[in-house]
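*Asks:* Sharing a structure with you now.
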Amino acid sequence: MPIFQRFKQSNFKIEILSGLTVALALVPEAVAFAFVAGVEPLVGLYAAFMICLITSIFGGRPGMISGATGALAVVMVSLVANHGVQYLFSAVILMGILQVLMGLLKLGKFIRLVPEAVILGFVNGLAIVIFLAQLGQFKSPITGEWLDLTSLAIMLSLIALTMAIIVLLPKLTKSFPSSLAAILTITGLAILFDIPTKSVGDLASIKGGLPIFNFPDVPYSWETLKIIFPYSLILAGIGLIESLLTLTLIDEITETRGNSNRECVAQGAANIVTGFFGGMGGCAMIGQSIINISSGARGRLSGITAAICLLAFILYGSSLIAIVPVAALVGVMFMVCVGTFEWTSFQYLSKMPKSDSIVLILVSGLTVVFDLAIAVIAGVIVSALVFAWQSAIRIRARKTDLPNGSKLYEIWGPLFFASTAVFQDKFTPKDDPDEIIVDFAESRISDHSGIEAVQKLTQRYAKIGKKVRLRHLSQDCRRLLDRASAMIEVNIEEDPHYSVATDNV
């Protein structure tokens with residue numbers, strides 16, 4: 001469906017106001033992440049503008065907001081420190097190329113392999129990370145010391161008032177985004193009563209011009225590629241993991257389904273453009289995405305509005321944005337933390353299997369201590385090992401003596417590396433008749449270890465002059481056995497056909 005048809009189905013007022021709210025929330029985040037990466041604030045702001053705009057138009061998840069993120073900034077800092085910002089721009093371009101390739105190869109669908117316990121851990125861990133990231137705003141931008149008691153009390157009071165407005169306003173009316181109303185109210189109070197509190201202008205100047213196209217000023221050589229490729233690969237992986245997990249979360253909230261492969265391509269294209277225009281690269285931002293969705297936005301217009309407003313702030317509105325109290329934005333982000341954290345996971349911990357509980361806690365902790373990529377990969381590996389073990393011990397064999405004197409073994413469960421020992425224990429060659437039939441109608445030979453297990457089984461029976469016949473093997477199992485036909489002599493009959501589910505989106 002064309003973009004403009006989608007706009008007609010959206011509430012323009014909600015979309016535009018939500019986009020303005022997101023733009024205000026993007027400013028301090030982009031500036032902060034730019035400092036983390038060791039680059040100028042405008043490098044982060046340009047990235048937020050371009051990535052937000054391109055992914056909002058072409059991405060696979062309407063309503064999701066992308067921009068400069070802390071998960072990527074912590075990887076970039078060493079590259080910038082050791083080689084300079086121009087190498088960062090070239091790394092971001094290569095990162096984008098890798099992401100586009102991943103999308104074209106339809107690798108985005110593999111996000112479905114991430115277990116629910118890992119997603120819960122990711123959400124909870126990220127909520128904690130967002131909360132901890134706000135604590136830096138309670139320090140003086142000049143000295144880096146914690147605010148004095150008076151300044152701290154004022155800031156906490158404004159944060160509390162911001163959160164109260166966000167909670168209470170929807171009970172009165174939902175025609176205006178509560179987060180934007182809270183920001184405008186706190187800003188008005190700060191100006192009206194001349195409240196001495198930290199503002200966005202105290203962080204850094206966001207005034208600048210239009211981003212300018214430039215090829216990164218680096219040697220185009222093999223040595224440069226060796227420097228940037230490891231960073232680009234890590235950045236591409238982290239960016240897609242965070243984006244696709246955020247996409248999955250937004251899918252659940254809105255009860256709709258995004259296009260993961262399209263999002264991969266859009267994220268990659270956005271990073272390629274950003275690298276050529278002096279941006280630091282980025283990916284989906286769960287905090288700003290939650291703000292957008294919570295404000296009622298469901299279409300692409302909100303993200304486009306956020307990007308345009310952010311550019312307008314840079315070009316013309318820096319003086320207006322400078323007076324916005326940081327407390328108002330911190331209050332909004334605190335509400336994002338509250339809304340993002342899956343509080344029901346505490347109830348799940350006592351009801352879900354212990355392995356899932358361990359994975360949930362592990363992913364949450366690793367997200368906070370290390371980064372998202374390590375946490376998710378570790379969670380998936382642990383979940384896969386648990387699944388492999390459980391599948392291995394669940395393989396079953398029903399034994400039946402047939403009228404013709406042979407014996408039938410009906411196998412249930414997958415035959416793979418972890419289940420081969422249990423599979424072998426199901427057979428009793430010495431007590432069996434001269435011919436046995438192994439029926440795989442409810443089983444699958446999944447890997448080479450399964451083939452080896454069948455070979456060993458036939459050898460066990462052959463040594464005592466007995467014969468093994470295999471029945472009801474699927475086509476993919478038969479292909480595996482065909483490669484081992486020189487080692488295994490079997491009579492394969494009545495092979496079933498299994499259709500495989502594919503992902504075309």
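How things are named: the first chain in the structure tokens is A, the next is B, and so on; residues count from 1 in each chain; ligands count from 1 in the order shown.
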Env of Gly59 in chain A: 9 Å cut, atoms = only C-alpha atoms, seq-sep filter 4 positions within chain, self excluded. Answer as a PyMOL selection string.
*Replies:* chain A and resi 54-55+64+258-260+262-267+300
*Asks:* Mind dumping the selected residues with N, CA and C atoms as a compact mmCIF listing (two decimals), in the first residue's frame?
*Replies:*
```txt
# COMPACT_ATOMS: atom_id res chain seq x y z
N ILE A 54 14.66 8.33 6.88
CA ILE A 54 14.71 7.25 5.88
C ILE A 54 13.97 6.00 6.35
N THR A 55 14.19 5.62 7.61
CA THR A 55 13.51 4.40 8.10
C THR A 55 12.02 4.63 8.27
N MET A 64 7.82 2.94 14.40
CA MET A 64 9.09 2.72 15.10
C MET A 64 10.04 3.86 14.77
N GLY A 258 5.22 -6.24 11.53
CA GLY A 258 6.13 -5.51 10.67
C GLY A 258 6.87 -6.44 9.73
N ASN A 259 7.62 -5.85 8.82
CA ASN A 259 8.39 -6.61 7.84
C ASN A 259 9.87 -6.52 8.22
N SER A 260 10.39 -7.60 8.77
CA SER A 260 11.76 -7.57 9.32
C SER A 260 12.81 -7.39 8.24
N ARG A 262 12.50 -5.97 5.26
CA ARG A 262 12.42 -4.60 4.75
C ARG A 262 13.07 -3.63 5.72
N GLU A 263 12.90 -3.87 7.01
CA GLU A 263 13.51 -3.01 8.01
C GLU A 263 15.03 -3.10 7.94
N CYS A 264 15.56 -4.31 7.72
CA CYS A 264 17.02 -4.47 7.59
C CYS A 264 17.56 -3.63 6.43
N VAL A 265 16.88 -3.69 5.29
CA VAL A 265 17.32 -2.94 4.12
C VAL A 265 17.23 -1.44 4.38
N ALA A 266 16.13 -1.00 5.00
CA ALA A 266 15.95 0.43 5.27
C ALA A 266 16.99 0.94 6.27
N GLN A 267 17.25 0.15 7.31
CA GLN A 267 18.27 0.55 8.29
C GLN A 267 19.64 0.66 7.61
N ARG A 300 3.50 6.20 9.43
CA ARG A 300 4.83 6.68 9.10
C ARG A 300 4.97 8.19 9.31
```
*Asks:* Give me, as a PDB file with C-alpha atoms, in the first residue's frame, all polymer residues having an atom no more than 10 Å from Ser78 in chain A, counting only C-alpha atoms and skipping those fewer than 6 positions away in the same chain.
*Replies:*
```
ATOM      1  CA  ALA A  37      31.191   8.130  20.835  1.00  0.00           C
ATOM      2  CA  GLY A  38      33.670  11.008  21.137  1.00  0.00           C
ATOM      3  CA  GLY A  84      39.503   9.683  13.929  1.00  0.00           C
ATOM      4  CA  LEU A  88      33.880   6.285  11.748  1.00  0.00           C
ATOM      5  CA  TYR A 231      33.747  -2.407  13.733  1.00  0.00           C
TER       6      TYR A 231
END
```
*Asks:* Work out how far CA of Val454 in chain A is from CA of Glu435 in chain A, in Å to one decimal.
*Replies:* 15.1 Å
*Asks:* From the set A:Ser18, A:Ser243, A:Asn11, A:Ser443, which residue has the shortest atom-to-atom contact distance to Gly303 in chain A, counting only C-alpha atoms?
*Replies:*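 So, comparing all the options, the nearest one is A:Ser18.
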*Asks:* Near Ala236 in chain A, within 12 Å and counting only C-alpha atoms, which residues show up once chain neighbours fewer than 4 positions away are dropped, as a PyMOL selection string?
*Replies:* chain A and resi 71-72+75-76+91-103+228-232+240-244+264-265+267-269+271-272+281-283+373
*Asks:* Between A:Ala441, A:Ile142, A:Ala322, A:Leu17, which is the closest to Ser205 in chain A once you count only C-alpha atoms?
*Replies:*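 The shortest atom-to-atom distance to Ser205 in chain A comes from A:Ala322.
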*Asks:* For a quick check of understanding, using only C-alpha atoms, which of A:Lys198, A:Asn214, A:Val326, A:Gly239 has the smallest distance to Thr162 in chain A?
*Replies:*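 With only C-alpha atoms as the atom set, the closest residue is A:Val326.
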*Asks:* Please, what distance in Å, to one decimal, runs between CA of Ile436 in chain A and CA of Tyr409 in chain A?
*Replies:* 7.4 Å
*Asks:* I need the alpha helix (DSSP H) residues of range 208-445 of chain A per DSSP on the backbone, written as a ChimeraX atom specification.
*Replies:* /A:222-254,260-276,286-294,301-315,318-322,326-340,345-351,354-369,372-393,420-425
*Asks:* For the selection just defined, write its residues with C-alpha atoms to a file, as a tab-separated table (two decimals), in the first residue's frame.
*Replies:*
```
chain	number	residue	atom	x	y	z
A	222	TRP	CA	43.12	-2.78	2.08
A	223	GLU	CA	44.61	-1.44	5.31
A	224	THR	CA	41.61	0.84	5.84
A	225	LEU	CA	39.22	-2.05	5.22
A	226	LYS	CA	41.05	-4.18	7.81
A	227	ILE	CA	40.61	-1.37	10.35
A	228	ILE	CA	36.94	-0.64	9.79
A	229	PHE	CA	35.51	-4.06	8.89
A	230	PRO	CA	35.49	-5.54	12.43
A	231	TYR	CA	33.75	-2.41	13.73
A	232	SER	CA	31.28	-2.39	10.84
A	233	LEU	CA	30.39	-6.04	11.36
A	234	ILE	CA	29.78	-5.54	15.10
A	235	LEU	CA	27.81	-2.34	14.50
A	236	ALA	CA	25.68	-4.02	11.82
A	237	GLY	CA	24.91	-6.95	14.12
A	238	ILE	CA	24.07	-4.86	17.18
A	239	GLY	CA	22.02	-2.42	15.11
A	240	LEU	CA	19.90	-5.13	13.52
A	241	ILE	CA	19.42	-7.07	16.75
A	242	GLU	CA	18.21	-3.96	18.59
A	243	SER	CA	16.05	-2.87	15.65
A	244	LEU	CA	14.41	-6.24	15.09
A	245	LEU	CA	13.77	-6.85	18.78
A	246	THR	CA	12.23	-3.38	19.02
A	247	LEU	CA	10.15	-4.23	15.94
A	248	THR	CA	8.94	-7.39	17.66
A	249	LEU	CA	8.01	-5.42	20.78
A	250	ILE	CA	6.06	-2.83	18.76
A	251	ASP	CA	4.33	-5.67	16.92
A	252	GLU	CA	3.11	-7.04	20.25
A	253	ILE	CA	1.96	-3.66	21.53
A	254	THR	CA	0.06	-2.72	18.36
A	260	SER	CA	11.76	-7.57	9.32
A	261	ASN	CA	13.66	-7.94	6.05
A	262	ARG	CA	12.42	-4.60	4.75
A	263	GLU	CA	13.51	-3.01	8.01
A	264	CYS	CA	17.02	-4.47	7.59
A	265	VAL	CA	17.32	-2.94	4.12
A	266	ALA	CA	15.95	0.43	5.27
A	267	GLN	CA	18.27	0.55	8.29
A	268	GLY	CA	21.23	-0.28	6.05
A	269	ALA	CA	20.30	2.34	3.44
A	270	ALA	CA	19.87	4.94	6.18
A	271	ASN	CA	23.32	4.22	7.59
A	272	ILE	CA	24.92	4.39	4.14
A	273	VAL	CA	23.39	7.84	3.57
A	274	THR	CA	24.29	8.94	7.09
A	275	GLY	CA	27.93	8.00	6.63
A	276	PHE	CA	28.19	10.12	3.48
A	286	ILE	CA	13.10	1.60	22.00
A	287	GLY	CA	12.54	4.63	24.26
A	288	GLN	CA	11.47	7.01	21.50
A	289	SER	CA	9.48	4.25	19.82
A	290	ILE	CA	7.52	3.65	23.02
A	291	ILE	CA	6.88	7.41	23.35
A	292	ASN	CA	5.59	7.46	19.78
A	293	ILE	CA	3.33	4.43	20.12
A	294	SER	CA	2.08	5.51	23.56
A	301	LEU	CA	3.90	10.34	9.40
A	302	SER	CA	4.96	10.61	13.05
A	303	GLY	CA	8.52	9.49	12.30
A	304	ILE	CA	8.77	11.78	9.27
A	305	THR	CA	7.47	14.67	11.40
A	306	ALA	CA	10.02	13.91	14.12
A	307	ALA	CA	12.87	13.98	11.59
A	308	ILE	CA	11.71	17.25	9.99
A	309	CYS	CA	11.19	18.89	13.38
A	310	LEU	CA	14.64	17.79	14.48
A	311	LEU	CA	16.18	19.36	11.37
A	312	ALA	CA	14.15	22.52	12.02
A	313	PHE	CA	15.54	22.62	15.57
A	314	ILE	CA	19.07	22.41	14.19
A	315	LEU	CA	18.53	25.09	11.53
A	318	SER	CA	18.06	25.91	18.61
A	319	SER	CA	17.32	28.91	20.87
A	320	LEU	CA	13.82	27.61	21.62
A	321	ILE	CA	14.97	24.06	22.32
A	322	ALA	CA	17.75	25.40	24.53
A	326	VAL	CA	16.20	18.73	31.08
A	327	ALA	CA	13.94	17.61	33.94
A	328	ALA	CA	10.95	17.47	31.59
A	329	LEU	CA	12.78	15.18	29.17
A	330	VAL	CA	14.15	13.03	31.99
A	331	GLY	CA	10.60	12.68	33.35
A	332	VAL	CA	9.40	11.51	29.94
A	333	MET	CA	12.21	8.95	29.74
A	334	PHE	CA	11.48	7.73	33.27
A	335	MET	CA	7.91	7.05	32.16
A	336	VAL	CA	9.32	5.19	29.18
A	337	CYS	CA	11.30	3.01	31.61
A	338	VAL	CA	8.16	2.29	33.61
A	339	GLY	CA	6.22	1.45	30.47
A	340	THR	CA	9.00	-0.60	28.90
A	345	SER	CA	7.86	-10.94	34.44
A	346	PHE	CA	8.14	-11.11	38.25
A	347	GLN	CA	4.98	-13.24	38.22
A	348	TYR	CA	6.29	-15.29	35.29
A	349	LEU	CA	9.48	-16.15	37.18
A	350	SER	CA	7.62	-18.41	39.60
A	351	LYS	CA	5.49	-20.03	36.88
A	354	LYS	CA	13.56	-22.65	35.66
A	355	SER	CA	15.63	-22.60	32.48
A	356	ASP	CA	13.53	-19.72	31.08
A	357	SER	CA	13.76	-17.85	34.37
A	358	ILE	CA	17.56	-18.17	34.29
A	359	VAL	CA	17.65	-16.95	30.68
A	360	LEU	CA	15.43	-13.96	31.49
A	361	ILE	CA	17.64	-12.88	34.41
A	362	LEU	CA	20.84	-13.62	32.45
A	363	VAL	CA	19.82	-11.50	29.45
A	364	SER	CA	18.66	-8.62	31.66
A	365	GLY	CA	21.95	-8.62	33.56
A	366	LEU	CA	24.17	-8.91	30.49
A	367	THR	CA	22.27	-6.11	28.75
A	368	VAL	CA	23.06	-3.80	31.66
A	369	VAL	CA	26.65	-4.94	32.26
A	372	LEU	CA	22.60	-5.94	23.82
A	373	ALA	CA	24.36	-8.16	21.30
A	374	ILE	CA	26.24	-10.18	23.93
A	375	ALA	CA	23.08	-10.50	26.03
A	376	VAL	CA	20.84	-11.72	23.21
A	377	ILE	CA	23.43	-14.09	21.74
A	378	ALA	CA	24.11	-15.58	25.18
A	379	GLY	CA	20.38	-15.95	25.83
A	380	VAL	CA	19.78	-17.68	22.49
A	381	ILE	CA	22.72	-20.05	23.03
A	382	VAL	CA	21.57	-21.03	26.52
A	383	SER	CA	17.99	-21.51	25.29
A	384	ALA	CA	19.22	-23.61	22.36
A	385	LEU	CA	21.29	-25.84	24.65
A	386	VAL	CA	18.33	-26.35	26.97
A	387	PHE	CA	16.09	-27.18	24.01
A	388	ALA	CA	18.66	-29.61	22.60
A	389	TRP	CA	18.93	-31.42	25.92
A	390	GLN	CA	15.17	-31.64	26.38
A	391	SER	CA	14.70	-32.89	22.80
A	392	ALA	CA	17.44	-35.46	23.30
A	393	ILE	CA	15.86	-37.08	26.33
A	420	THR	CA	21.94	-40.41	19.36
A	421	ALA	CA	22.93	-42.10	22.62
A	422	VAL	CA	19.31	-42.34	23.79
A	423	PHE	CA	18.34	-43.62	20.31
A	424	GLN	CA	20.88	-46.44	20.48
A	425	ASP	CA	19.66	-47.50	23.92
```
*Asks:* Which value, in Å to one decimal, gives the distance between CA of His83 in chain A and CA of Val129 in chain A?
*Replies:*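 According to the coordinates, CA of His83 in chain A and CA of Val129 in chain A are separated by 28.1 Å.
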*Asks:* Of the candidates A:Pro62, A:Pro433, A:Pro216, A:Gly70, which one gets nearest to Gly278 in chain A if we count only C-alpha atoms?
*Replies:*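 The answer is A:Pro216, which sits nearest to Gly278 in chain A.
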*Asks:* Neighbours of Gly413 in chain A within 7 Å (only C-alpha atoms; same-chain residues fewer than 2 positions away dropped), as a ChimeraX atom specification?
*Replies:* /A:394-396,411,415,442-443
*Asks:* Check the smallest atom-to-atom distance from each of A:Ser157, A:Phe341, A:Arg61, A:Pro353 to Phe122 in chain A using only C-alpha atoms, then report the winner.
*Replies:* A:Phe341
*Asks:* Within range 50-191 of chain A, find each residue whose DSSP state, derived from the backbone, is strand (DSSP E or B), and express the selection as a PyMOL selection string.
*Replies:* chain A and resi 66-67+139+146
*Asks:* From the list A:Ile451, A:Val85, A:Ile65, A:Ala25, which residue is nearest Ala297 in chain A when using only C-alpha atoms?
*Replies:*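 Answer, going by the shortest atom-to-atom distance: A:Ile65.
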*Asks:* Write out as a PDB file with N, CA and C atoms, in the first residue's frame each polymer residue whose atoms come within 8 Å of Phe416 in chain A, counting only C-alpha atoms; drop sequence neighbours fewer than 2 positions from it.
*Replies:*
```pdb
ATOM      1  N   ALA A 392      16.644 -34.226  23.299  1.00  0.00           N
ATOM      2  CA  ALA A 392      17.438 -35.457  23.304  1.00  0.00           C
ATOM      3  C   ALA A 392      16.839 -36.516  24.216  1.00  0.00           C
ATOM      4  N   PRO A 414      13.173 -35.977  17.214  1.00  0.00           N
ATOM      5  CA  PRO A 414      14.256 -35.774  16.245  1.00  0.00           C
ATOM      6  C   PRO A 414      15.510 -36.579  16.605  1.00  0.00           C
ATOM      7  N   ALA A 418      22.462 -34.711  19.866  1.00  0.00           N
ATOM      8  CA  ALA A 418      22.247 -34.863  21.303  1.00  0.00           C
ATOM      9  C   ALA A 418      21.405 -36.078  21.657  1.00  0.00           C
ATOM     10  N   SER A 419      20.686 -36.632  20.681  1.00  0.00           N
ATOM     11  CA  SER A 419      19.766 -37.734  20.998  1.00  0.00           C
ATOM     12  C   SER A 419      20.267 -39.093  20.524  1.00  0.00           C
ATOM     13  N   THR A 420      21.457 -39.144  19.928  1.00  0.00           N
ATOM     14  CA  THR A 420      21.938 -40.409  19.356  1.00  0.00           C
ATOM     15  C   THR A 420      22.163 -41.489  20.417  1.00  0.00           C
ATOM     16  N   ILE A 445      15.728 -37.406  10.776  1.00  0.00           N
ATOM     17  CA  ILE A 445      17.183 -37.430  10.907  1.00  0.00           C
ATOM     18  C   ILE A 445      17.665 -36.035  10.563  1.00  0.00           C
ATOM     19  N   SER A 446      18.192 -35.310  11.559  1.00  0.00           N
ATOM     20  CA  SER A 446      18.419 -33.874  11.411  1.00  0.00           C
ATOM     21  C   SER A 446      19.835 -33.498  11.018  1.00  0.00           C
ATOM     22  N   ASP A 447      20.816 -34.354  11.278  1.00  0.00           N
ATOM     23  CA  ASP A 447      22.196 -33.969  10.982  1.00  0.00           C
ATOM     24  C   ASP A 447      23.047 -35.210  10.728  1.00  0.00           C
ATOM     25  N   HIS A 448      24.344 -34.984  10.527  1.00  0.00           N
ATOM     26  CA  HIS A 448      25.236 -36.102  10.217  1.00  0.00           C
ATOM     27  C   HIS A 448      25.376 -37.048  11.408  1.00  0.00           C
ATOM     28  N   SER A 449      25.248 -36.526  12.613  1.00  0.00           N
ATOM     29  CA  SER A 449      25.307 -37.403  13.786  1.00  0.00           C
ATOM     30  C   SER A 449      24.174 -38.422  13.752  1.00  0.00           C
ATOM     31  N   GLY A 450      23.007 -37.995  13.230  1.00  0.00           N
ATOM     32  CA  GLY A 450      21.883 -38.925  13.085  1.00  0.00           C
ATOM     33  C   GLY A 450      22.190 -40.022  12.084  1.00  0.00           C
TER      34      GLY A 450
END
```
